[in-house]
Every structure is written in structure tokens, then in C-alpha cells.
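Quick notes on the structure that follows.
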Protein chains: 2
Amino acid sequence: MTPGHHVAAWRYPDSEASEVLKFRFYKRLAQIAERGKFDLLFLADGYAVSEAFPEAVAQTVAVRPEPITLLSALSAVTEHVGLVATVSTTYNEPFHVARKFASLDHLSDGRAAWNVVTSNHSAEAYNFGRDEHLLHSLRYERAREFIQVAKGLWDSWEDDAFVYDKDNAIFADRGKLHTLNHQGEWFSVRGPLNVARPVQGYPVIVQAGASEPGKELAASSAEVIFTAWQTLEEARRFYADVKGRLSKHGRAPEDLLIMPGVFPIIGRTEEEAAEKKASLERLIPAEAGVSLLSNLISFDLSTYPVDGPLPDLPELAQVNGGKSRFQLIKDLAERDNLTIRQLYQRIAGARGHREILGTPVQIADQLEEWFVGGAADGFNVMPPYLPGGLEDFVELVVPELQRRGLFRAEYEGKTLREHLGLSRPPHPAALSGSPRINTDTVRTAGGLEHPERGNEASLHYTNR
Amino acid sequence: MTPGHHVAAWRYPDSEASEVLKFRFYKRLAQIAERGKFDLLFLADGYAVSEAFPEAVAQTVAVRPEPITLLSALSAVTEHVGLVATVSTTYNEPFHVARKFASLDHLSDGRAAWNVVTSNHSAEAYNFGRDEHLLHSLRYERAREFIQVAKGLWDSWEDDAFVYDKDNAIFADRGKLHTLNHQGEWFSVRGPLNVARPVQGYPVIVQAGASEPGKELAASSAEVIFTAWQTLEEARRFYADVKGRLSKHGRAPEDLLIMPGVFPIIGRTEEEAAEKKASLERLIPAEAGVSLLSNLISFDLSTYPVDGPLPDLPELAQVNGGKSRFQLIKDLAERDNLTIRQLYQRIAGARGHREILGTPVQIADQLEEWFVGGAADGFNVMPPYLPGGLEDFVELVVPELQRRGLFRAEYEGKTLREHLGLSRPPHPAALSGSPRINTDTVRTAGGLEHPERGNEASLHYTNR
């Protein structure tokens with residue numbers, strides 16, 4: 001949600017509201033992130049205009065460029081920063097998705113990542129000939145098979161399949177081309193893919209679901225998790241839970257990086273930070289705040305008094321949207337006894353993510369506490385307004401983290417996998433009979449060392 | 001088919017065979033095209049690896065980047081040249097396609113175009129859960145509705161829907177958002193699109209089908225036609241036929257530009273050109289030549305003697321591929337009494353397009369003859385090898401055309417529509433009661449003048 005993560009970011013005096021579809025705006029963001037040595041730039045996405053009620057269209061930013069299209073353009077004006085596009089498995093075909101990410105990975109020399117989502121709203125279903133949104137549990141079944149098909153397509157060509165032998169008229173070694181012939185519950189895809197194996201083997205796989213099927217899918221296939229927690233205790237519990245699930249999939253704890261979202265409000269003084277926060281809150285129109293809250297919990301609050309309490313909400317099991325976000329918001333309202341207005345002011349900025357407020361030193365303290373405290377391998381940084389909020393972070397907070405030895409001074413690798421210390425998945429044919437998922441083999445074959453996972457490669461810019 | 005349009009281009013001494021998935025290769029091509037003041041750069045596409053028989057994979061280039069991803073990256077390193085991506089209506093969803101082209105049009109400041117194809121091969125069907133390729137006539141029905149839905153989605157927001165009024169908290173005028181609610185034979189799409197109306201209103205619509213339903217679809221909706229003809233007489237007949245169909249759709253002759261493909265073999269002398277041609281022909285392995293020919297006519301020739309005649313081919317009505325190309329090749333073989341080898345050598349370069357051979361002056365003569373002779377509004381230039389063949393065209397032929405007053409010296413407009421002299425389609429709401437398709441209104445509203453259509457905006461680089 002540009003230009004910033006706060007729902008009223010576009011009203012902030014510094015924000016460039018009319019630039020939300022302009023390339024130069026995103027180019028500037030990407031170049032600031034790269035100057036700040038961020039691992040990656042992340043774009044969220046959805047396939048509908050949110051129309052929870054009419055004011056939502058008038059008061060919030062309902063348009064955005066399609067992420068792969070935008071990230072591909074940004075790949076041409078950056079050299080290091082990773083490029084993470086959100087693409088839903090519920091309303092796409094694996095062949096197209098595998099091909100686009102493979103293309104982006106080649107064009108960017110190994111900087112592509114795919115944030116796998118399953119979509120949240122029925123409004124998206126209506127744009128693809130469906131009468132209703134696919135059920136939560138079925139979406140995850142489809143997602144699992146979708147990822148499997150995509151990986152199979154990325155493995156169509158072995159890494160050394162192309163030989164370019166002009167004299168003997170051999171462009172490719174036919175024996176190193178593999179036809180997938182996938183026949184599953186959800187997809188039937190023959191293959192092979194008409195793009196070479198991605199530079200990174202597979203683009204980095206990112207996920208954000210924190211429900212039970214979401215955590216299981218992440219444990220089996222994700223390499224980065226974006227997540228939202230308010231307290232250190234909750235974040236630690238989630239961290240231990242997900243890392244603990246990896247061994248049964250033959251994976252090591254360092255094969256999956258957990259990155260909670262943070263929403264930094266940075267001032268040169270505490271007072272300046274507090275005033276920024278208050279001025280952002282004042283900019284939220286009540287209708288937009290209620291709309292946003294309704295969307296986050298998949299429940300229409302527009303008919304309830306804005307200065308009254310949350311009404312009785314359905315049980316978690318009946319929610320067919322983002323289940324973990326629903327629970328988080330419900331718990332927050334109960335714990336602090338908040339009205340609807342107080343609740344939307346609390347979450348309209350960070351939208352369930354952790355707000356961190358203060359001077360650069362205080363911001364760094366709050367990041368360090370979670371990082372050393374077993375709650376995070378890195379952070380998804382979501383500035384309230386853009387590009388100013390990102391510039392503040394890069395100019396004020398990054399140097400402080402560098403002084404503490406918590407953040408890289410220079411990029412050391414070329415690919416996103418190298419920035420993150422993630423190994424490059426070898427082609428199955430290179431595993432010569434050993435099981436397909438074998439982290440030791442994977443790490444050796446990738447030729448990468450990451451003895452101290454979760455080190456300096458730990459801050460991530462996000463444009464969610 | 002990179003690096004060049006000749007099937008053996010990758011074996012040509014100058015060609016950069018290992019660069020076919022590298023951004024720097026395409027960046028260089030795009031910048032050469034822009035230096036040559038070309039209107040547009042065109043990328044063909046398909047959703048499968050051609051495996052007519054095993055040698056095809058070994059001897060030809062079976063991989064390519066997905067076009068929108070590549071063109072989006074190129075938009076960041078060019079300023080003027082139009083960007084034409086091929087996307088099939090048979091294996092895609094209108095919401096995604098409309099959104100990607102709208103995004104590309106915004107990010108490139110109005111340089112996007114969509115080459116609408118319906119796909120040719122069953123191999124593509126197998127990658128999308130289908131058992132067989134959709135029938136030719138049904139593909140065109142689907143294409144017609146697909147374009148209609150895409151235009152409806154592009155019209156979701158009126159051109160002035162976004163007001164960015166920070167003081168009054170109005171980002172968008174709700175009254176200028178239109179929900180499509182399309183319910184048709186092939187698609188059910190509610191809308192609206194979550195991207196603003198494209199800079200060009202709609203991206204330029206390009207087509208290439210020359211079959212009867214292809215010509216009808218083009219007459220109703222295309223703004224540019226890429227086509228393939230061997231002789232002036234055939235090209236003239238096609239030109240008159242298609243232009244003659246426009247009036248019944250309420251369109252003027254200048255609303256649709258016809259651009260035959262040309263395959264230029266340029267030498268500083270006639271001898272040098274002839275030697276280039278012979279050396280390219282010598283590079284074609286027999287298997288690759290037969291494979292290519294088989295694909296073009298959708299009929300497997302691999303079991304027939306290569307120095308014998310074409311076997312009896314099926315009747316045109318039974319062909320479920322590119323019908324016009326099939327007829328052209330069959331006619332050519334009969335007319336000149338060619339063996340399979342002679343036929344593939346004849347068509348392996350230009351693949352049915354017109355080969356033009358000689359010095360820069362002779363090349364310019366051949367272009368001028370068709371241009372002034374009522375056969376072409378411009379040309380799709382398909383160099384045999386890249387980037388050298390394009391560089392030769394830009395450095396040797398373009399100056400000759402400029403001397404003759406047949407080619408622009410500088411870009412005058414910003415958008416692709418402006419380069420081509422095509423008007424900007426107004427939003428239906430701006431037509432205030434007049435019929436949706438009304439070329440006079442369209443031209444006035446676009447604010448463009450093009451008294452002499454088919455003037456200098458007449459040469460087009462293609463990467464088909």
C-alpha cells in the first residue's frame with residue numbers, strides 16, 4: 001500500500017501520493033534500499049479493488065502495479081537487492097508462474113523470490129470466474145501441489161544443459177532435458193519449461209501464513225517467513241514452533257529464516273517520534289480505519305458504533321481469510337479493552353505488525369532485543385510513509401546497527417540466496433541417488449558457507 | 001528466436017549464443033533499436049518447448065524469457081521505443097493480462113502493446129491441464145471476448161478518477177470507478193481492475209492471424225497487423241482486403257496499420273550479401289530444418305526423404321494451427337517444385353516472411369516498393385542474426401530511408417500510439433451518449449493529428 005504502510009500515508013505532508021503507479025517512485029525506493037544494503041525489496045499483492053464500503057475506494061490507495069512487472073523493471077536499475085513478488089497459488093497456473101519467476105531470476109542475475117500466498121477475499125474469486133473463495137484448507141492443498149509443480153518445471157533443464165557448441169551444431173544436451181509429466185489432484189502439467197534452470201536453482205520461496213496449515217506448508221517448503229507479532233513472547237513461541245517443525249522434513253533450522261514485520265516511527269528525539277505517530281493517527285478518516293480493520297478480520301464492522309467495543313466475532317474455525325491476523329487483532333482488543341476507533345488507530349499503521357517508536361538508538365535496541373532473543377532472523381521493515389520513512393531508516397538506523405555489528409557494511413554475494421545465507425538447491429539429477437530433500441547434500445552442492453545463520457543479513461525492506 | 005531470426009542464427013560466427021537469457025543482450029538490442037528510431041520492439045512467445053523430434057531441442061534455441069517480464073526490464077533502460085509482448089488468449093485469464101499490460105503501460109509511460117495470439121500447438125495445452133488444443137474457431141471466439149473483457153477492465157477507472165486531495169481525504173473519486181460485471185460465454189469477471197486506466201487508454205492491440213476469423217478479429221479490434229507475404233501482389237491483396245473490412249466496424253483505414261515481415265540480408269556489396277545468405281544456409285542442420293518446417297505446417301515431415309518432394313498434405317480446413325502460414329508454404333513448394341531440403345533452406349530464415357537481400361540501397365528500394373505500392377504501412381524487420389544484423393540495418397539502411405524522406409529523423413511523440421499516429425481511445429464515459437466505437441470522436445478526444453498515416457513511423461524491429 002503505497003506511498004507507505006500506514007493507511008493514511010498518502011495524506012502525510014511528505015508523501016508523493018500521485019506517484020503510486022510511476023516507475024521513478026519505485027526506482028528511488030529500490031535505490032535507497034540498496035544504498036542501505038537491504039537484502040530484499042518485497043511487494044505484496046491482491047487481485048481486486050477492496051470495496052468493503054464506498055469510502056474505502058475514496059480514502060485509501062486501491063491501485064498498484066503488478067509486482068513481477070514492477071520488480072523486473074527495478075532489476076534493470078539495481079545490482080544487489082533481492083526482488084520478492086507476491087503471487088497467489090489460488091488464482092494462477094503453475095506454468096506461467098514458474099516461467100515468470102525463472103525469467104526474473106535470469107534477468108536479475110539471481111535475485112528473484114516468490115512470496116507464496118493463497119489469497120484472502122471473495123472479491124478476488126469474482127475476477128476469475130468463481131462464485132466464491134476457495135476454502136482455507138483446500139487453498140493450502142492446492143498451494144502445496146502448486147509449489148511442487150513449479151519446482152519440477154524449474155528442474156526441466158539441468159544446470160549444464162546448454163553447451164552452445166557452434167561447430168557441432170549442439171545448442172543443448174538433449175539428455176539433460178527432463179519432462180515433468182505431472183498428474184495431480186489440482187494440476188496436470190506436462191512440461192518441460194521453456195526457460196533454463198534459474199540462476200538460484202529455485203527462486204527463494206517466501207511465505208507468510210501463520211495458521212496451522214500455513215506453518216506446515218512453510219516448514220516443508222518456505223525459506224523465509226514474513227510474520228506479525230506484537231510481543232517478544234509470542235514471536236519467540238512462533239519462532240521455536242516453526243523451527244521445531246523443520247527436522248521432520250529433513251531440514252535444518254538455518255534453512256528457514258523468520259522475519260517479523262516492524263513498523264518504525266523514527267525521530268531524532270523521542271518527542272519527534274511521538275509527534276509523527278500522533279500526526280499519522282490524526283490523518284486516518286474513520287471510514288478508512290473501519291474498512292481496514294474489517295478487511296483484516298474478514299468481518300464487516302461498518303454498522304457498529306465506532307466508539308463502542310468490537311462486536312462478538314465468529315469463532316476462528318469459521319474464518320475463511322487470514323486466520324492468524326484475525327486471532328491477533330481479537331486478542332489485542334480484548335487485552336487492552338479497545339473501542340473500534342482505538343483499535344483501528346492501533347493497527348492502521350502496522351496492521352498487526354509490531355510498531356517500534358523512538359530515536360535511532362531506541363529503534364536499534366528494539367530490533368536487537370528480538371534478534372538476540374530468539375524471535376527473529378531478520379526483519380521486514382515497513383516504513384509508515386515513503387520514501388521518507390525508508391530514507392530515515394537507512395540514514396539513521398542502519399549506521400547504528402552497523403556499529404553494533406548487526407548489519408552488513410557491504411554486499412558480499414551476488415544472489416539473494418547469498419545475501420540470506422541460503423544454499424542453492426542442486427538439480428535432482430546431481431544428487432545421484434540420494435534423497436531429493438537432504439540438507440547436507442544441498443549445502444555442499446550449493447558451495448556456500450553459512451556457519452552463523454541470522455547474522456548481518458538480517459534487515460529487509462518491505463513494501464507490503 | 002534469439003540470437004536472430006534465422007534458425008541457425010546461434011551458430012553464426014558473430015552471434016552471442018550463450019546470451020539468450022541475459023538481460024544485457026536484450027538491453028543492447030533495445031538500445032540499438034532506439035538509436036535507429038524504431039517504433040517498437042516486438043517479442044513473440046509460446047508456452048512449450050518445441051519437441052517435434054529430439055534434434056529440435058539439441059539444434060535450435062528452445063528457451064526464451066517471458067516477454068512481459070523482459071519488456072518491463074527494458075522499459076527501465078529505454079525512453080522511446082514501443083514494447084510489444086505476445087500473450088495468448090487461449091491459456092490466460094483476462095484479469096491478469098489486463099493488469100500486466102496496464103502496469104507495463106504505466107511503468108513505461110505509455111509504450112506498451114499487446115500482440116494477441118491464440119496459440120498454435122497442443123504442446124501448450126498439455127502445460128495447462130488440457131488434453132488437446134482448443135479448436136481454431138473456438139480460439140477466435142474466446143479471443144474476441146477476452147479482448148472485450150480486457151478493454152472493460154482498462155476502463156475501470158476514468159482518466160481523471162484520481163484526485164490526490166490530501167486536505168479532504170479524497171484519493172479517488174468513487175463516482176469515476178466502474179465495475180465491469182462481465183458475464184459471457186467464456187469469462188465471468190466482475191472487476192474493477194486495481195490499476196489506473198493505462199497511459200495510452202488501452203495498450204496498442206496487435207494481431208497476426210491472416211485466416212478468415214483472424215482477419216475479422218483484426219478488422220474489429222487490431223490496430224497493428226504483423227503479416228507474412230512473399231510477393232507484392234499477395235501483400236497488396238491482403239492489404240486491400242483487411243482495410244476494406246474496417247468500415248463495417250465503424251473504423252477508418254488509418255486506424256489499422258499493416259506491417260509485413262521482412263528478413264534483411266545486408267551486404268556492403270551484392271556479393272557480400274549473397275555470401276552471408278549462403279553461409280547461413282550452410283549452418284542449418286537437416287534435422288533442425290525439417291523440424292522447423294514441420295512446425296510451421298503442423299505436419300511431421302521427419303519420416304520423409306529430405307531430398308524428396310513434400311508429401312500430400314491435409315486440406316486447409318483440417319489444419320488446427322497457423323492456417324495462413326500453412327497455405328503459403330504449400331503454395332511455395334508447388335510453385336517452385338522444391339524438395340523438403342530446398343524448402344526448409346528457403347523458409348528457415350524468414351520462416352515465410354519476405355527475404356530482402358542486397359546493398360543498403362537495394363534493401364531500401366525493396367521496402368519503398370511495398371510501402372508506396374499499397375502493400376504496407378510499415379515493416380516488421382527481422383534480422384537473421386543479432387545484434388549484428390540489427391546494427392547493420394540501423395547504420396546502413398535507416399540513413400538511406402531517412403535520405404528518401406521515408407523514415408523519421410527523431411522521435412516526435414512520447415507514447416507508442418503517438419509514434420504510430422494512432423489515436424488514444426477515450427473512456428466510454430467521456431463519449432457522453434455517442435456510440436462507443438466512433439472513430440471521429442475517438443480521434444478528436446485523443447487530441448492527435450495524423451493526416452498522413454503510414455508516413456515515417458514505418459519501420460519496426462521485431463524479435464519474433
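Labeling convention for the C-alpha cells: chains A, B, ... as they appear, residues from 1 per chain, ligands from 1 in order of appearance.
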
Contacts between chain B and chain A, please, where a residue of chain A counts if it comes within 7 Å (with only C-alpha atoms); show its shortest atom pair and distance in Å to one decimal, rows by chain and ascending number, as a tab-separated table.
```
residue	atom	partner	partner_atom	distance
A:Arg11	CA	B:Lys166	CA	4.8
A:Ala17	CA	B:Tyr164	CA	6.2
A:Ser18	CA	B:Tyr164	CA	6.3
A:Leu21	CA	B:His106	CA	6.3
A:Lys22	CA	B:Leu107	CA	5.8
A:Phe23	CA	B:Leu107	CA	4.9
A:Ala48	CA	B:Asn194	CA	5.8
A:Val49	CA	B:Asn194	CA	5.1
A:Val57	CA	B:Arg174	CA	6.2
A:Ala58	CA	B:Ala172	CA	4.6
A:Gln59	CA	B:Ile170	CA	5.2
A:Thr60	CA	B:Phe171	CA	6.4
A:Val61	CA	B:Phe171	CA	6.8
A:Ala62	CA	B:Asn194	CA	6.1
A:Val63	CA	B:Asn194	CA	4.5
A:Arg64	CA	B:Val195	CA	5.7
A:Pro65	CA	B:Ser103	CA	5.0
A:Glu66	CA	B:Lys100	CA	6.0
A:Ile68	CA	B:Thr69	CA	6.9
A:Thr69	CA	B:Thr69	CA	5.7
A:Ser72	CA	B:Ala73	CA	4.9
A:Ala73	CA	B:Ala73	CA	3.8
A:Leu74	CA	B:Ala73	CA	6.9
A:Ser75	CA	B:Ala73	CA	6.6
A:Ala76	CA	B:Ala73	CA	5.5
A:Phe95	CA	B:Asn127	CA	6.4
A:Arg99	CA	B:Glu66	CA	6.7
A:Lys100	CA	B:Glu66	CA	6.0
A:Ser103	CA	B:Pro65	CA	5.0
A:Leu104	CA	B:Thr69	CA	6.6
A:His106	CA	B:Leu21	CA	6.3
A:Leu107	CA	B:Phe23	CA	4.9
A:Tyr126	CA	B:Arg190	CA	5.5
A:Asn127	CA	B:Val189	CA	4.4
A:Phe128	CA	B:Val189	CA	5.9
A:Gly129	CA	B:Ser188	CA	4.5
A:Tyr164	CA	B:Ala17	CA	6.1
A:Lys166	CA	B:Arg11	CA	4.7
A:Ala169	CA	B:Gln59	CA	5.8
A:Ile170	CA	B:Gln59	CA	5.2
A:Phe171	CA	B:Gln59	CA	5.4
A:Ala172	CA	B:Ala58	CA	4.6
A:Asp173	CA	B:Ala58	CA	5.8
A:Arg174	CA	B:Ala58	CA	5.5
A:Phe187	CA	B:Gly129	CA	6.2
A:Ser188	CA	B:Gly129	CA	4.5
A:Val189	CA	B:Asn127	CA	4.4
A:Arg190	CA	B:Asn127	CA	5.2
A:Gly191	CA	B:Asn127	CA	5.8
A:Pro192	CA	B:Val49	CA	6.4
A:Leu193	CA	B:Ala48	CA	6.5
A:Asn194	CA	B:Val63	CA	4.5
A:Val195	CA	B:Val63	CA	4.7
A:Ala196	CA	B:Val63	CA	6.5
```

Any chance you could list, as a PDB file with C-alpha atoms, in the first residue's frame, the residues in segment 94-268 of chain B that come up alpha helix (DSSP H) when DSSP is run on the backbone?
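This is the output file states_8.pdb:
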```pdb
ATOM      1  CA  PRO B  94      -8.230 -11.637 -18.796  1.00  0.00           C
ATOM      2  CA  PHE B  95      -7.818 -10.093 -15.327  1.00  0.00           C
ATOM      3  CA  HIS B  96      -4.120 -10.986 -15.136  1.00  0.00           C
ATOM      4  CA  VAL B  97      -3.421  -9.991 -18.735  1.00  0.00           C
ATOM      5  CA  ALA B  98      -5.245  -6.661 -18.471  1.00  0.00           C
ATOM      6  CA  ARG B  99      -3.417  -5.910 -15.241  1.00  0.00           C
ATOM      7  CA  LYS B 100       0.056  -6.732 -16.535  1.00  0.00           C
ATOM      8  CA  PHE B 101      -0.349  -4.653 -19.680  1.00  0.00           C
ATOM      9  CA  ALA B 102      -1.827  -1.766 -17.680  1.00  0.00           C
ATOM     10  CA  SER B 103       1.165  -1.992 -15.325  1.00  0.00           C
ATOM     11  CA  LEU B 104       3.646  -2.087 -18.207  1.00  0.00           C
ATOM     12  CA  ASP B 105       1.933   0.873 -19.840  1.00  0.00           C
ATOM     13  CA  HIS B 106       2.202   2.927 -16.642  1.00  0.00           C
ATOM     14  CA  LEU B 107       5.778   1.919 -15.868  1.00  0.00           C
ATOM     15  CA  SER B 122      -1.116 -28.988 -28.464  1.00  0.00           C
ATOM     16  CA  ALA B 123       2.164 -28.995 -26.539  1.00  0.00           C
ATOM     17  CA  GLU B 124       0.966 -25.749 -24.975  1.00  0.00           C
ATOM     18  CA  ALA B 125      -2.386 -27.265 -23.973  1.00  0.00           C
ATOM     19  CA  HIS B 136      -9.290 -22.860 -34.252  1.00  0.00           C
ATOM     20  CA  SER B 137     -12.778 -21.344 -34.499  1.00  0.00           C
ATOM     21  CA  LEU B 138     -13.362 -21.551 -30.742  1.00  0.00           C
ATOM     22  CA  ARG B 139      -9.997 -19.932 -30.053  1.00  0.00           C
ATOM     23  CA  TYR B 140     -11.096 -16.892 -32.036  1.00  0.00           C
ATOM     24  CA  GLU B 141     -14.440 -16.706 -30.224  1.00  0.00           C
ATOM     25  CA  ARG B 142     -12.587 -16.793 -26.944  1.00  0.00           C
ATOM     26  CA  ALA B 143     -10.090 -14.189 -28.165  1.00  0.00           C
ATOM     27  CA  ARG B 144     -12.859 -11.785 -29.132  1.00  0.00           C
ATOM     28  CA  GLU B 145     -14.483 -11.983 -25.706  1.00  0.00           C
ATOM     29  CA  PHE B 146     -11.076 -11.850 -23.977  1.00  0.00           C
ATOM     30  CA  ILE B 147     -10.201  -8.531 -25.653  1.00  0.00           C
ATOM     31  CA  GLN B 148     -13.628  -7.156 -24.795  1.00  0.00           C
ATOM     32  CA  VAL B 149     -13.134  -8.054 -21.110  1.00  0.00           C
ATOM     33  CA  ALA B 150      -9.616  -6.581 -21.076  1.00  0.00           C
ATOM     34  CA  LYS B 151     -10.868  -3.284 -22.516  1.00  0.00           C
ATOM     35  CA  GLY B 152     -13.679  -3.244 -19.958  1.00  0.00           C
ATOM     36  CA  LEU B 153     -11.149  -3.733 -17.160  1.00  0.00           C
ATOM     37  CA  TRP B 154      -8.874  -0.991 -18.535  1.00  0.00           C
ATOM     38  CA  GLU B 212     -10.652 -15.637 -42.219  1.00  0.00           C
ATOM     39  CA  PRO B 213     -11.523 -15.415 -38.490  1.00  0.00           C
ATOM     40  CA  GLY B 214      -8.098 -13.831 -37.905  1.00  0.00           C
ATOM     41  CA  LYS B 215      -8.825 -11.091 -40.436  1.00  0.00           C
ATOM     42  CA  GLU B 216     -12.269 -10.486 -38.964  1.00  0.00           C
ATOM     43  CA  LEU B 217     -10.878 -10.229 -35.436  1.00  0.00           C
ATOM     44  CA  ALA B 218      -8.200  -7.828 -36.683  1.00  0.00           C
ATOM     45  CA  ALA B 219     -10.740  -5.672 -38.522  1.00  0.00           C
ATOM     46  CA  SER B 220     -12.841  -5.353 -35.378  1.00  0.00           C
ATOM     47  CA  SER B 221     -10.101  -4.827 -32.806  1.00  0.00           C
ATOM     48  CA  LEU B 232       3.869  -7.675 -53.755  1.00  0.00           C
ATOM     49  CA  GLU B 233       0.690  -8.889 -55.374  1.00  0.00           C
ATOM     50  CA  GLU B 234      -0.306 -11.107 -52.422  1.00  0.00           C
ATOM     51  CA  ALA B 235       0.590  -8.404 -49.922  1.00  0.00           C
ATOM     52  CA  ARG B 236      -1.456  -5.806 -51.798  1.00  0.00           C
ATOM     53  CA  ARG B 237      -4.459  -8.106 -51.965  1.00  0.00           C
ATOM     54  CA  PHE B 238      -4.277  -8.731 -48.210  1.00  0.00           C
ATOM     55  CA  TYR B 239      -3.824  -5.012 -47.504  1.00  0.00           C
ATOM     56  CA  ALA B 240      -6.885  -4.062 -49.535  1.00  0.00           C
ATOM     57  CA  ASP B 241      -8.927  -6.941 -48.095  1.00  0.00           C
ATOM     58  CA  VAL B 242      -8.279  -6.033 -44.445  1.00  0.00           C
ATOM     59  CA  LYS B 243      -8.555  -2.263 -44.895  1.00  0.00           C
ATOM     60  CA  GLY B 244     -11.830  -2.873 -46.722  1.00  0.00           C
TER      61      GLY B 244
END
```

query: Can you tell me how far atom CA of Lys323 of chain A sits from atom CA of Ala210 of chain A, in Å to one decimal?
result: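 About the pair atom CA of Lys323 of chain A and atom CA of Ala210 of chain A: they are 7.7 Å apart.
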
query: From the list B:Gly388, B:Gly352, B:Pro198, B:Gly4, which residue is nearest Glu158 of chain B when using only C-alpha atoms?
result: B:Pro198

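In this comparison, which uses only C-alpha atoms, the residue of B:Pro311, B:Gly349, B:Pro384, B:Pro253 approaching Ala333 of chain B most closely is B:Pro311.
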
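Among the candidates B:Gly389, B:Ser423, B:Leu343, B:Glu395, the residue lying nearest to Ala252 of chain B is B:Ser423 (atoms considered: only C-alpha atoms).
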
- prompt: How would you write, as a PyMOL selection string, the set of residues in segment 6-230 of chain B that DSSP gives as strand (DSSP E)?
  reply: chain B and resi 40-43+82-88+112-117+162-165+170-172+182-183+188-189+204-207+224-227

Given the selection you just returned, output its residues as a file containing C-alpha atoms, formatted as a PDB file, in the first residue's frame.
```pdb
ATOM      1  CA  LEU B  40       8.673  -0.730 -31.385  1.00  0.00           C
ATOM      2  CA  LEU B  41      10.429  -3.868 -30.265  1.00  0.00           C
ATOM      3  CA  PHE B  42       8.318  -6.986 -30.583  1.00  0.00           C
ATOM      4  CA  LEU B  43       8.718 -10.292 -28.722  1.00  0.00           C
ATOM      5  CA  GLY B  82       7.430   0.759 -28.002  1.00  0.00           C
ATOM      6  CA  LEU B  83       7.289  -2.598 -26.208  1.00  0.00           C
ATOM      7  CA  VAL B  84       5.126  -5.311 -27.770  1.00  0.00           C
ATOM      8  CA  ALA B  85       4.547  -8.523 -25.825  1.00  0.00           C
ATOM      9  CA  THR B  86       2.850 -11.609 -27.207  1.00  0.00           C
ATOM     10  CA  VAL B  87       0.256 -13.091 -24.845  1.00  0.00           C
ATOM     11  CA  SER B  88      -2.182 -15.859 -25.759  1.00  0.00           C
ATOM     12  CA  ALA B 112       3.013  -0.977 -24.141  1.00  0.00           C
ATOM     13  CA  ALA B 113       1.356  -3.061 -26.839  1.00  0.00           C
ATOM     14  CA  TRP B 114      -0.246  -6.498 -26.756  1.00  0.00           C
ATOM     15  CA  ASN B 115       0.229  -8.933 -29.617  1.00  0.00           C
ATOM     16  CA  VAL B 116      -2.905 -11.044 -29.251  1.00  0.00           C
ATOM     17  CA  VAL B 117      -2.379 -14.668 -30.293  1.00  0.00           C
ATOM     18  CA  PHE B 162      -7.554  10.082  -9.031  1.00  0.00           C
ATOM     19  CA  VAL B 163      -7.556  13.465  -7.325  1.00  0.00           C
ATOM     20  CA  TYR B 164      -4.954  13.056  -4.503  1.00  0.00           C
ATOM     21  CA  ASP B 165      -6.750  15.601  -2.294  1.00  0.00           C
ATOM     22  CA  ILE B 170     -10.108  12.021  -1.139  1.00  0.00           C
ATOM     23  CA  PHE B 171      -7.624   9.907  -3.046  1.00  0.00           C
ATOM     24  CA  ALA B 172     -10.060   8.801  -5.762  1.00  0.00           C
ATOM     25  CA  HIS B 182     -18.957  -9.206 -17.285  1.00  0.00           C
ATOM     26  CA  GLN B 183     -20.858 -12.478 -17.732  1.00  0.00           C
ATOM     27  CA  SER B 188     -17.137 -14.212 -15.820  1.00  0.00           C
ATOM     28  CA  VAL B 189     -15.187 -11.241 -14.478  1.00  0.00           C
ATOM     29  CA  VAL B 204      -1.908  -0.799 -28.667  1.00  0.00           C
ATOM     30  CA  ILE B 205      -3.598  -4.008 -29.890  1.00  0.00           C
ATOM     31  CA  VAL B 206      -1.529  -6.053 -32.343  1.00  0.00           C
ATOM     32  CA  GLN B 207      -2.504  -9.234 -34.183  1.00  0.00           C
ATOM     33  CA  VAL B 224      -1.416  -3.154 -35.991  1.00  0.00           C
ATOM     34  CA  ILE B 225      -1.189  -6.369 -38.037  1.00  0.00           C
ATOM     35  CA  PHE B 226       2.037  -8.307 -38.435  1.00  0.00           C
ATOM     36  CA  THR B 227       1.774 -10.441 -41.533  1.00  0.00           C
TER      37      THR B 227
END
```

message: Rounded to one decimal, what separation in Å do you get between atom CA of Gly267 of chain B and atom CA of Arg351 of chain B?
response: 20.7 Å

message: I'd like the contact shell of Thr415 of chain A - 6 Å cut-off, only C-alpha atoms, skipping same-chain residues fewer than 3 positions apart - returned as a PyMOL selection string.
response: chain A and resi 110-111+418

task: Work out how far atom CA of Leu416 of chain A is from atom CA of Trp229 of chain A, in Å to one decimal.
output: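 Going from atom CA of Trp229 of chain A over to atom CA of Leu416 of chain A, I get 25.1 Å.
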
Spatial neighbours of segment 274-276 of chain B, 9 Å, only C-alpha atoms, chain gap at least 5 places, as a PDB file with C-alpha atoms, in the first residue's frame:
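Listing of selection_26.pdb after writing:
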```
ATOM      1  CA  ILE B 265      20.377  -9.829 -45.538  1.00  0.00           C
ATOM      2  CA  ILE B 266      22.508  -6.750 -45.901  1.00  0.00           C
ATOM      3  CA  GLY B 267      25.920  -6.530 -47.554  1.00  0.00           C
ATOM      4  CA  THR B 269      28.122  -5.220 -51.862  1.00  0.00           C
ATOM      5  CA  GLU B 281      22.015 -21.763 -45.195  1.00  0.00           C
ATOM      6  CA  LEU B 357      18.773  -9.194 -49.952  1.00  0.00           C
ATOM      7  CA  GLY B 358      21.405  -6.758 -51.150  1.00  0.00           C
TER       8      GLY B 358
END
```

Which of A:Ala409, A:Ala429, A:Leu135, A:Ala222 sits closest to Glu34 of chain A [using only C-alpha atoms]: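 Closest to Glu34 of chain A, using only C-alpha atoms: A:Ala409.
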
- prompt: Near Ile340 of chain B, counting only C-alpha atoms, which residues have an atom at most 9 Å away, once you skip same-chain residues fewer than 2 positions from it, shown as a PyMOL selection string?
  reply: chain B and resi 289-290+293+301+304-310+333+338+342-345

message: Show me, as JSON, numbers by chain, the residues that have an atom within 8 Å of Val262 of chain A when counting only C-alpha atoms, minus same-chain residues fewer than 5 positions from it.
response: {"A": [350, 353, 354, 355, 356, 379, 380, 381, 382]}
